[in-house]
Every structure is written in C-alpha cells, then in structure tokens.
Amino acid sequence: MAHPVLWRGKTFFYPIGNTSAVCLTQDLCPTEKADVLLLGCGDPRHILYTVYTDSTGLQASRKLDFTCCDLEGAVIARNVILFTLLADEGAAERAPQIWNIFFHFFLDKASHDLLISQCRKLVELSSDLDTWNNGPYGYFLRMCTGDTLAELRRLWQLHVKTTTCSPSEAKAFEFAYAADVKASRAKFECVLTASRAAGPLSMYAFKMAGDHYNIYWDTGICSAVPKRPSEVSHPNPTLAFSMVGDKFGVHYGTDPLCCFHLAEALVPAVGSTCHPDQFTLKDTVDVCKKQFSRWCASVSKVLGSQNPSSPSPLIIRCFVGDALNFCQALCYSRTAKSTSAPFHVAPWKIPYITFDPSAYGTSRQSPAPTTFNVIDTSNLLDHVGVLNLIAVTSPILQRTPSATLYTEGLASDSPEDTLAEHLCGDIATMGLLLGLIPACFVSQFTNRSNMHEHIMRLSKNATQNHERLAWKLIGGAEKLLTDLDCPIDIAAEQLAGVFFNIYLNMFSHENVRRRLAMVKQSLSGIIHYHRRSFVEILSVVKRRVITDWDSTMNMLHDKIQNDRILITGMNFYQELCCQLHLLGVFDVDWLSLPKVQEVHRVERPFVFRNWKVLPKTVCVVLVVPRDRLQPLLPDLDEAGTPVLQCDLRGTATQNAFSAISTIFGTITTSGQGDGKTAVIKEDTTGRYGTSPLVVWFWVPTIVLVNERRLSVVLSVLSTPATCAFAMKRGLDLSIFRADLGDEQLVHILRQHPNAGPESPKEKNVQISGRPVKTSGACTFVTLDKECKTPLTFTTRVDIVEPDMKASLTSGATPVVNQVSMHSIAIVLGDKSLQFPFPLPIDAKKSKLRIARKSLYIEIILPLRLILGDTDSDMFPVIPHGGDLALWNMHRVNLDHCIPFSLANKKALGWINPHVSLMMSDRERRIPSELITGSTLLDVKRSLHFIFGQASGLAEDKLPLCYALRAKDDEEIFVMFYITNLRLDVGSHSMVADTWVMPSSPTFEKAEAFSKIFSHLGPSNMKTVGMGVEERKAWQHLLVAATERCRTWEHKTNCEYRVQGVIPLTLEPDESAICSCGAGVGTETFVKKYPMLRPLAPHVTRAVISPLFALSYLEKVGSLQDNVASSTASTPAPAAVVRNVCAACGKESGGSASLLICSRCKVVRYCSQGCQREDWKGHKKSCVVPSS
C-alpha cells in the first residue's frame, strides 16, 4: 500500500462532519454529468447540499452519480439509513425524527422506533447483492462490493440487537453509553470550532458556538436549552458501534452546527434592521434544521420523480475500505477490465477488492464510473499525505478542463505550514511533474474566503487552519490545449536532482537536524510516506515526462547511495530498490536475475534449500504470537499512531522495510521451496481476539542470500512521538523478533499470502492510467541550479507551411506575441502559429534560436509566476463539449444565495474586513497612487471600491449604476446594476447580484437608454476609471461573471460559437459577452429598479465576488502592514472583533465590557492580565493610527 502501516491505538468515530457543506458540482458545466468520487466521505452533507444547489436552473437536468468511500463502515451505514429514509414516502413529515436520528446522541421513542424499524428493513434487504439491487432502494443506492454490504448489514444487525437484549443487558448498555458520552467530551474550557461555519460573520458566532457545544455534549441533543427532555432517553445505536469498538467513541470536537451555514442565521434578512448580536442560539439551531430540511426535501423530490423505465438521475454508490486502495482498484478494474483487483479492502484486512459485476462488469451497457470529473478527498491529506492522494487520484481524474480534485487540510494550525511543505517540493515543479496544480496558484486569487480562519487565529484556542483547494489539470486553462496529458521533457540530470530533493523532503523525519519538523507537519506526528510511496510518485512522473529514464534513475541512485543528510536513509536502501523493481520503475544492476541465480548456485542458503529457481524478490512472512504481543498493547496505544516496520538484522547489517502488510489471523502453509504457499484466515475481532499478528513484506532475494544469520524483526519507526516507547522497549524499538530459519514463525514465499494461482505479479498491479502521447511539440523544462524551481520553457517549432518556410529562408525574423497567459503566437510574414504551455509564460522576454537551413525555430520562454505579475486574461473561459468551462471561478446558484439587508450599517461591520482580505500584506504596502504594474491588484482595488459603495459603507446613498471606463478614454465600456448583495455560503463569501450591459452601438439599446437617462445623474452613477490592461481584464472577468450564474443555454448562433473567440472583443466600444443571456430572468431587476424597465431586454445577469489573496503563498491580514500602508483604509480582521478579547477569546456581554488598547485603538482585552500576557506578541503590530 502507498501509506505506512500505523498502529491504531486510540481512535475516534467521526459520524458528523466538521466543516460546512459545499457544492461538489460548482466547477462543472451546468448540464455536464457529474461523476463524483468522495474519498473519506464522512457524513452526506456535501451530497445533500449539492442536490439542493442543483435543484433549480439549468443544472436541474444534471445527472448525479456519487461514489462514496470511507474506511469507517459505521459512517456509511448511517448514511444509507438517511438516504433510504428520504426515499420512503412521508419523509417530509418525519423530518424532525430524521434530524434526531442523524445528529442526536439520545433519541425520543418516536425517533428510536423509526430508526430500529428502518434497520430491520435494511437487514432483510441486504442478504446479498442481488437481493439489495432488486430491492426498493437498489435503483439509486448501490454497493460497490459484496464486502461493503456485509459490513453494513452487520452494523444494522447490531443496531437492532440493542432492542432485543434482556432488561439487564439493556440497562447495562444504557449506563455504559451514557458514561462514554460523558467521558468523551473535550476537556477544553471553550470549544469554538462551529464558529467557522459562520464564515465572514464568525466573529459574532464565538459565544454561540461555545454555548451550543456545551449544551450538545451535556444533553446529547441540538438545542438552546441546557436540559434534555425526560422522554429523550434512548441511546442512539448508530453511534454505539464503530471501529472504536462496541462503545460510544464519537470525537470530542463533534458539533452538528459545523455542517451548516451559520451566516444565514446571523445576517439580517432584506428589510430587517437587526444586528447579528441580536440573533439567539435558538435562531441558529432553527436555521440549521431548516437548511437540513431543505436539503433533504430536494433529495426526496429527485428520488420521488424517478421514472421506473429510465436510470435514476441520482445514484449513490458505497464502498467501505481504504481510499488509496480503492482508487488503485478502480484504475486496475478499468485498465485490466476485471472486477477483481489485487488490492486489500483496507489496512489490517485480508480480503481483496472485488467489485459488483452487475455494476462494474464489462458487459454492462452503462457501467459504474471508474473515472471521475470531481474527486473530493475531504481532509485525507492530513491522514495519508497529499502526494499519496495525487499519485492514486491522478490516473482516475477525467481529462477535461472542468475536472477537479478537491483537497482540504485541517491539521495545521498556521497558513505558514505551506502547501510546498506538504508537496515536498516547489508547487510549480510538482505541478509539472504530477500534472495537477491548484487553480488558484496559477491565477493568484481565490473566490473562497477564509476570513473565519483569520478570526479563529485571534483566539488562543485555535489549533487548526482550514484550507480547501481545487486542483486542475495543469495547462487546462489554455483554450488551445486539446491534449491535457501533454508530456514535458526535462534533462536527466535535472530530473534526478528534482527526485532527490523530493526524496529528502518526503523522508525529512530521517534527518536528525530536521527531526522536530516532523511534529510541525501534522499534529499527530504521523509519517505519511515510505519508499513505496516515493516510487509511486516516480511511477506517475515516468508516465508524464519524456527523458532518458535509465540515466535519470542511475544518477538518482548514486545521489541516494552517497547521501549523508538522511542519517538512517541507507537502512531503507534495499526496500527502495525492491519497490523500484516491483512497480516496474527501474532495476538496479545488482538486482538482475543472473546475479541472483549465480549467488544461489554458489552459496545455496539454508532458507532456499528446496528452491529450484530464485526470483529477484521474495515475500517474507512473520508470525507474531499473541502472547508475545499482548503485553505490549498498552505501550503501543500510548505511542499514539506509531509506524510499524520490519527489519532484517544480521551480525553487521540492518535493512528496514516499511511497506508491510499486517493482519490478525491464523496462517496455514502448504508445499515447500519455491512452491510453498500460505493462506491467512482473518480474525475479525482483530486486536481484541486471540489470533497472532501476521506481517508480510517484499525483499530483494539477494538480501537473504548474502547474510548467513538473519533475524526478522517487527519494530516501531523512531520518531519524537515514540520516545516513551523507546524508554520501555529499548532504542531499537523492537516488538518481536524471530530467526529467519524458524519455519514456525517465518515463511519465505514466491507470492504473497492468499495469492491465487493466477495472481498478477506485483509489478503488474500498477497499470498506467494513460500512456504518454509524444506527438506534436513537447515542452522542455529548465530548472534552477538547485533543481527546485522551473525557470524556462523551451519548444522547437518545425516550419512546414510553405509561405512561412519562404519567409524564414529569405531572412525574415520571427516575432513572438503573447496570445494569452499560457500561449504565444510565432509570426512569420502574414502567417502565424500558436503554441500553448502548461504554466504562464512571458513572451516579451522570449529568446529565439533560428535554424534557417534546417527550417526550425527554438523558443525559450521564462515562466511568469512572480506574485502580482498577471495578465488580463486571468479568468479563463474554455469551450468544453459544446459548453463553456470555468477554470478558476466556481459557479453559483444566485437564487440560493442569501440576500441580506443593508438598512443597519452597524450590522455590516464585517464587510470591509471581508473584502479587505482581497489584499495581501504585500499589496497593502503599495501606495494607492502608484501605478502598480499588477493588473490583478488594480482589479481588486476597483472591486473594493464597488463593494464599499454597494454596501452603503462608503456613502449613505447607494448608487443606481456603476460605469467602467478607461482613464484615457471618455467612453464607458460597460455599465452594471447591483440588485442585491448576497452570501455565497458554500464559499463563505459575499457576492453582488449584478446585471451587466456592455457598450455596443445598437439602435435598440440607444433607444432604451434614452428613456432612462434622466435617472442616471452624477449622484446615482459611480464611475470607475482604470488603465487599459485593467479594462481588458474586466472584459474577461465579465464573461466569466455571466457564465458563473448562467441559468440559460447558449444558442446555436451564439456569438462565441460563430466567432470562435472568448471574449468577443477587447475593444471598449463593443460587447465582450454574447447576447444569449440578455433579458433572461430580468423580473428581479425590474422589481428592484422599475424605472429601468426599458433596459431589461439588454442586461445579462452576472455574479461579481471578491478575489481573495492566498494565505498559503504570502501573508494576509497583518495589522502592522495595514496601518503602515498609505493606501485607503482597509482594516484587518482584528478591527471587527471589537467584542472579543484578543488574548483569550472571551466575548463582552451585558456589563462585561472590554478594554481597548490605548495606543492602536484596535485590539481589545477583557482584563489587564490578558493585555499584559498578549503584549509580547501585540507590540510588534501595535501602531498609533495615522490621522
């Protein structure tokens, strides 16, 4: 497997999500079928919210196919209960009971009876796959494997069993359950996690979040009343059985409010003058229940409208098992055309993944998807590492510009825990090698706000930083690029240097000087990578990169052999060479079969006495007796989640192997020599049973031949977290050892245990997702001297067009023009050739090498990745399958976004800090009167001005219209009208519901404008001046803005199609957007502005939102930089937390007012003690405000 084996000591159950629901289809085209893979899916909030968001508008016709994978069977079992309840008639009437079943620790009788009744029904329907598929839920709810269904059935049976036991057993169960609930709650004084669900209004949610957490864990129900009703007394059996054991093991940070969008409860509705402080906890809980009810109603409606003769528009597939193995099995199933995959269901499990033939078989007319245009990985990167995720998801991500991989990180407590550290290399370099890159990294902005994270960090209780990223296929932002698997070329020496740098970073825990950095990488100190993980990455790169691979690997091999940075690195050298061979990446010389056979002929080791022919690698199996392991369990549990590994130790040698497999069970062997096989029968009670622990791993055969006296050792990998274990077990951290010749405890096999007669070779398991195409121009990448950062792209262009050949041979000098951020045009005479590149390039700094006789041109282009150095086409809109795809701006269902009141200015204190987070600290230091040279910064400043005007915070009177024009041109190129400010709660951002009217000289538009001209005086219209480059950027932005909220289809004669250009023009006197959406859905526009009715046929709806800076690339939200800047005031988030102590997070209330810092007049404290405690940190940013 791609991840090291962890000893699972203390574990938790995560039945309820800890982040707000998001729309999983927001990056797809409106009618594009959604094949969605959810890895570590957790609860179904994202599915519910996605169905709700797609329930209206053009996307209502979209077919949704979700494949849900979670290691915890109890999570999937609960989700299936919910979906089947929603599919049953009368779901709306039972909504309160469904809420209780899903979120409450304790249930009333009606909810409990409904749950048990449903579990009984599910048990009856789940005897086998055929019975389930032909049952009442099989048309939309499918099980990927028979093992999944069996595990779910086991859990449902346990739920039912709680009602059939004796009275004394029932009483004991209830007592133990209540005691576990009490023992599980957090020991912290205040848990504020749910406040982040309020997004930009989270500063108003601190007290409410803390109060609800305490009530929830004290009473076991979601309520504003700190007392549980007497009739709510039944333990919720869906929370009593999980991988934790037959007990309540829910994580102490769980709070149902985290799943929802609390901003809806805090923002004043249109027409209201309420302040967020006036909303109560009861209001918030009620809003969450309403959201859940709306989402569930949408699912019930879709399922209720099912036509029996046609496929369901909503399909949900379930898999219980490991996410990494599941992805590899899906890829294997697709390429090998087999439903049986040689990957274990999960760590510590013996069965292999076998898909349901009725869904994944090749004979199916519409088989289940094995590639996906949306892959959501929850926060798995905290648990398995982002490189492992990319290695297994990249082959199954569809090759389209809209295809998206989502990752979330929660474990880090700081944005300075950068993405580059997680990637073990430069972001651009890793993107080029792996073929995936965060879209916002390229565009240098995001539409998703993390203001709540900035506010959370003001509290000393903050232990997490939530970062959600959308990864796209590199180069997908370029319209010209038709092959999204376009290979790159790197010199062997530089590629070896890159690989070596990745190697050092992946195993930095083996660097004594950087040993403490491991603790920083994740709160739990989990090691995510072993040598197989590294080889998996090399395998991905090998399929993408054109180079002299053998030379690359030989140079890498030499670097690793001569390395002195990783002190224990050479302990894993044999494993590295073994895994390179097994995955078909590279064979070192000494591993060649003739050398192994020659050593065997001469040495004839005892363990191979009956072997006729030696293979290059063999499988070593170690049996650890239970009586030797049992006394160590408490010490292992105290070590948290230590990495298990095996060692082969000789008199003077020690070779470590971390790519091991483990299972509790009994082993039976048959045969001898190279015909010996082994079968393991799993003990399903696991660590709580009596069976031994069986461990197996692959080794190079020659390792066993060269050393006469070897012992096989199961040990723990040394990390700072294992110090206590080392004090008890010794510095070698061994758990158990046996002599290699002990035939009772050690077995040497040609194939792994439970391998069938036709089991594939290990190296054939990793089947390439897609072969590399080498046709056409290939981009050659040049890196810096340290082999870390890409500097230039080089491409060779063969001139074959006759006129261009004539121009070149006659001495004409080619001209290189920038076409877009990612492409250039080479002009010779009156002809040109266009070429795309995977990352932004700078044509102005290009260099040419011209071969006039050989008729080719070589172009060297520097990359354009400097922060702030962006072009006007930073909002790509790409033709895709007859539709248009957005690359770095997600789609929004405006009618589901919440409009809010602007009547009470005091209730809008969050807006200015919210939009101010568009500016990084670097951008804030640039004086406003300077020509910045950054088109992106210019657009941000204009947006800041527009949102300030539209919210009424800049001036009391709201403008009727906004007019954009270039400063050197008196002509207005676009006018737009904002009907509402709304909350895009899924991205925690404010958006402007806008109606756009581009400038274009038509008689009808001029006549309509003449009728309303009297209403557009200077007091009603705000003019925004800008430079030429910013004007062009706005013309690109408006195309994307109208596309983002589109509810209409592009016509067959759409100008985009006819002219083949997007935007249609960059000239100021013509329309950049097509006319397909003009006049569509303008009822709300006319209702808001009846005096502008004549314009209704000419305006197109658009969504304009802030473009936020990226906190993982540069510092954002510093008070010091804010006050030091000479720009217009853009207060940092701390300025709005006026009712929260900056030291302890305590809120003011009633008579408990806060003290304000007398110097900066910004930061507040609840006491002088807190102020003194915080001074060391605060003094760095405490600056007297300028007058």
# chains A, B, ... in the order shown; residues from 1 in each chain; ligands from 1
>>> residues_around(residues="A:Thr792", least_positions_apart="2", cutoff="7 Å", atoms="only C-alpha atoms", output="number ranges by chain")
A: 781-782, 790, 794, 860-863
>>> residues_around(residues="stretch 982-988 of chain A", least_positions_apart="6", cutoff="8 Å", atoms="only C-alpha atoms", output="mmCIF file with N, CA and C atoms, in the first residue's frame")
data_model
loop_
_atom_site.group_PDB
_atom_site.id
_atom_site.type_symbol
_atom_site.label_atom_id
_atom_site.label_comp_id
_atom_site.auth_asym_id
_atom_site.auth_seq_id
_atom_site.Cartn_x
_atom_site.Cartn_y
_atom_site.Cartn_z
ATOM 1 N N SER A 20 -18.359 23.132 6.889
ATOM 2 C CA SER A 20 -19.632 23.445 6.243
ATOM 3 C C SER A 20 -19.783 22.714 4.916
ATOM 4 N N ALA A 21 -21.024 22.450 4.561
ATOM 5 C CA ALA A 21 -21.329 21.761 3.307
ATOM 6 C C ALA A 21 -20.908 22.607 2.114
ATOM 7 N N VAL A 22 -20.432 21.945 1.071
ATOM 8 C CA VAL A 22 -20.055 22.612 -0.174
ATOM 9 C C VAL A 22 -20.774 21.935 -1.332
ATOM 10 N N CYS A 23 -20.905 22.676 -2.440
ATOM 11 C CA CYS A 23 -21.491 22.117 -3.653
ATOM 12 C C CYS A 23 -20.382 21.452 -4.462
ATOM 13 N N ALA A 198 -19.831 30.031 10.319
ATOM 14 C CA ALA A 198 -20.480 31.316 10.037
ATOM 15 C C ALA A 198 -19.718 32.137 9.016
ATOM 16 N N GLY A 199 -18.594 31.630 8.547
ATOM 17 C CA GLY A 199 -17.838 32.312 7.507
ATOM 18 C C GLY A 199 -17.441 33.713 7.912
ATOM 19 N N PRO A 200 -17.741 34.713 7.077
ATOM 20 C CA PRO A 200 -17.301 36.075 7.372
ATOM 21 C C PRO A 200 -17.963 36.683 8.606
ATOM 22 N N HIS A 261 -24.495 26.333 7.414
ATOM 23 C CA HIS A 261 -24.053 27.675 7.056
ATOM 24 C C HIS A 261 -24.675 28.657 8.044
ATOM 25 N N ALA A 263 -24.025 31.634 8.755
ATOM 26 C CA ALA A 263 -24.185 33.027 8.351
ATOM 27 C C ALA A 263 -25.639 33.358 8.046
ATOM 28 N N GLU A 264 -26.396 32.363 7.564
ATOM 29 C CA GLU A 264 -27.810 32.600 7.279
ATOM 30 C C GLU A 264 -28.574 33.000 8.535
ATOM 31 N N ASN A 447 -11.897 32.650 -5.025
ATOM 32 C CA ASN A 447 -13.216 33.186 -4.700
ATOM 33 C C ASN A 447 -13.719 32.683 -3.356
ATOM 34 N N ARG A 448 -12.940 31.814 -2.733
ATOM 35 C CA ARG A 448 -13.326 31.239 -1.446
ATOM 36 C C ARG A 448 -12.651 32.013 -0.319
ATOM 37 N N SER A 449 -13.452 32.532 0.600
ATOM 38 C CA SER A 449 -12.927 33.332 1.699
ATOM 39 C C SER A 449 -12.521 32.436 2.867
ATOM 40 N N ASN A 450 -11.427 32.794 3.525
ATOM 41 C CA ASN A 450 -11.053 32.119 4.773
ATOM 42 C C ASN A 450 -10.959 33.135 5.911
ATOM 43 N N VAL A 892 -22.211 29.600 -9.344
ATOM 44 C CA VAL A 892 -23.037 30.000 -8.204
ATOM 45 C C VAL A 892 -24.500 29.968 -8.618
ATOM 46 N N LEU A 894 -27.361 31.769 -7.901
ATOM 47 C CA LEU A 894 -27.645 33.032 -7.220
ATOM 48 C C LEU A 894 -28.961 33.002 -6.456
ATOM 49 N N CYS A 897 -28.406 31.828 -3.093
ATOM 50 C CA CYS A 897 -27.556 32.666 -2.251
ATOM 51 C C CYS A 897 -28.440 33.624 -1.447
ATOM 52 N N ILE A 898 -28.078 33.901 -0.237
ATOM 53 C CA ILE A 898 -28.948 34.612 0.700
ATOM 54 C C ILE A 898 -28.760 36.120 0.567
ATOM 55 N N PRO A 899 -29.800 36.849 0.147
ATOM 56 C CA PRO A 899 -29.699 38.313 0.141
ATOM 57 C C PRO A 899 -29.774 38.844 1.568
ATOM 58 N N PHE A 900 -29.121 39.950 1.831
ATOM 59 C CA PHE A 900 -29.168 40.485 3.185
ATOM 60 C C PHE A 900 -29.414 41.993 3.168
#
>>> closest_residue(among="A:Leu381, A:Leu936, A:Ala825, A:Cys331", to="A:Tyr360", atoms="only C-alpha atoms")
A:Cys331
>>> closest_residue(among="A:Leu839, A:Val287, A:Ile215, A:Ala806", to="A:Leu266", atoms="only C-alpha atoms")
A:Val287
>>> residues_around(residues="stretch 1165-1168 of chain A", least_positions_apart="3", cutoff="6 Å", atoms="only C-alpha atoms", output="list in words")
Cys1141, Ala1142, Leu1154, Leu1155 and Gln1171 of chain A
>>> select_by_dssp(residues="stretch 660-764 of chain A", states="helix (DSSP H, G or I)", output="PyMOL selection string")
chain A and resi 673-675+686-688+701-706+720-729+762-764
>>> residues_around(residues="A:Arg294", least_positions_apart="3", cutoff="12 Å", atoms="only C-alpha atoms", output="VMD selection string")
chain A and resid 45 48 to 53 55 86 91 to 92 95 99 260 287 to 291 297 to 301 896
>>> residues_around(residues="stretch 182-184 of chain A", least_positions_apart="5", cutoff="10 Å", atoms="only C-alpha atoms", output="ChimeraX atom specification")
/A:12,176-177,217-220,248-253
>>> write_last_selection(atoms="N, CA and C atoms", output="compact mmCIF listing (two decimals), in the first residue's frame")
# COMPACT_ATOMS: atom_id res chain seq x y z
N PHE A 12 -10.94 7.46 16.96
CA PHE A 12 -12.19 8.18 17.16
C PHE A 12 -13.17 7.84 16.04
N ALA A 176 -23.46 2.25 30.25
CA ALA A 176 -22.13 2.37 29.65
C ALA A 176 -22.11 3.45 28.57
N TYR A 177 -23.18 3.52 27.78
CA TYR A 177 -23.27 4.53 26.71
C TYR A 177 -23.22 5.93 27.31
N TRP A 217 -23.08 18.50 24.30
CA TRP A 217 -22.40 17.40 24.98
C TRP A 217 -22.95 17.14 26.38
N ASP A 218 -23.61 18.15 26.96
CA ASP A 218 -24.25 17.93 28.26
C ASP A 218 -25.58 17.19 28.12
N THR A 219 -26.31 17.50 27.05
CA THR A 219 -27.65 16.93 26.89
C THR A 219 -27.72 15.84 25.83
N GLY A 220 -26.79 15.86 24.88
CA GLY A 220 -26.81 14.88 23.80
C GLY A 220 -27.75 15.25 22.66
N PHE A 248 -19.58 4.02 22.58
CA PHE A 248 -19.65 5.38 22.06
C PHE A 248 -18.23 5.93 21.97
N GLY A 249 -17.80 6.27 20.73
CA GLY A 249 -16.43 6.76 20.54
C GLY A 249 -16.37 7.99 19.68
N VAL A 250 -17.45 8.80 19.70
CA VAL A 250 -17.51 9.99 18.84
C VAL A 250 -16.42 10.99 19.25
N HIS A 251 -15.79 11.59 18.27
CA HIS A 251 -14.70 12.54 18.52
C HIS A 251 -15.18 13.71 19.37
N TYR A 252 -14.32 14.14 20.27
CA TYR A 252 -14.70 15.17 21.25
C TYR A 252 -14.99 16.54 20.64
N GLY A 253 -14.56 16.77 19.41
CA GLY A 253 -14.82 18.08 18.79
C GLY A 253 -16.11 18.14 18.00
>>> atom_distance(atom1="atom CA of A:His1098", atom2="atom CA of A:Cys961")
14.6 Å
>>> residues_around(residues="A:Asp873", least_positions_apart="5", cutoff="12 Å", atoms="only C-alpha atoms", output="ChimeraX atom specification")
/A:442-443,477-479,818-823,840,878,887-888,935-936,1029-1040,1062-1063,1066
>>> residues_around(residues="A:Gly245", least_positions_apart="3", cutoff="10 Å", atoms="only C-alpha atoms", output="list in words")
Thr11, Phe12, Phe13, Ala240, Phe241, Ser242, Phe248, Gly249, Thr685 and Tyr688 of chain A
>>> closest_residue(among="A:Val225, A:Lys472, A:Pro351, A:Gly730", to="A:Ile680", atoms="only C-alpha atoms")
A:Pro351
>>> closest_residue(among="A:Gln464, A:Thr994, A:Ser312, A:Thr162", to="A:Arg196", atoms="only C-alpha atoms")
A:Gln464
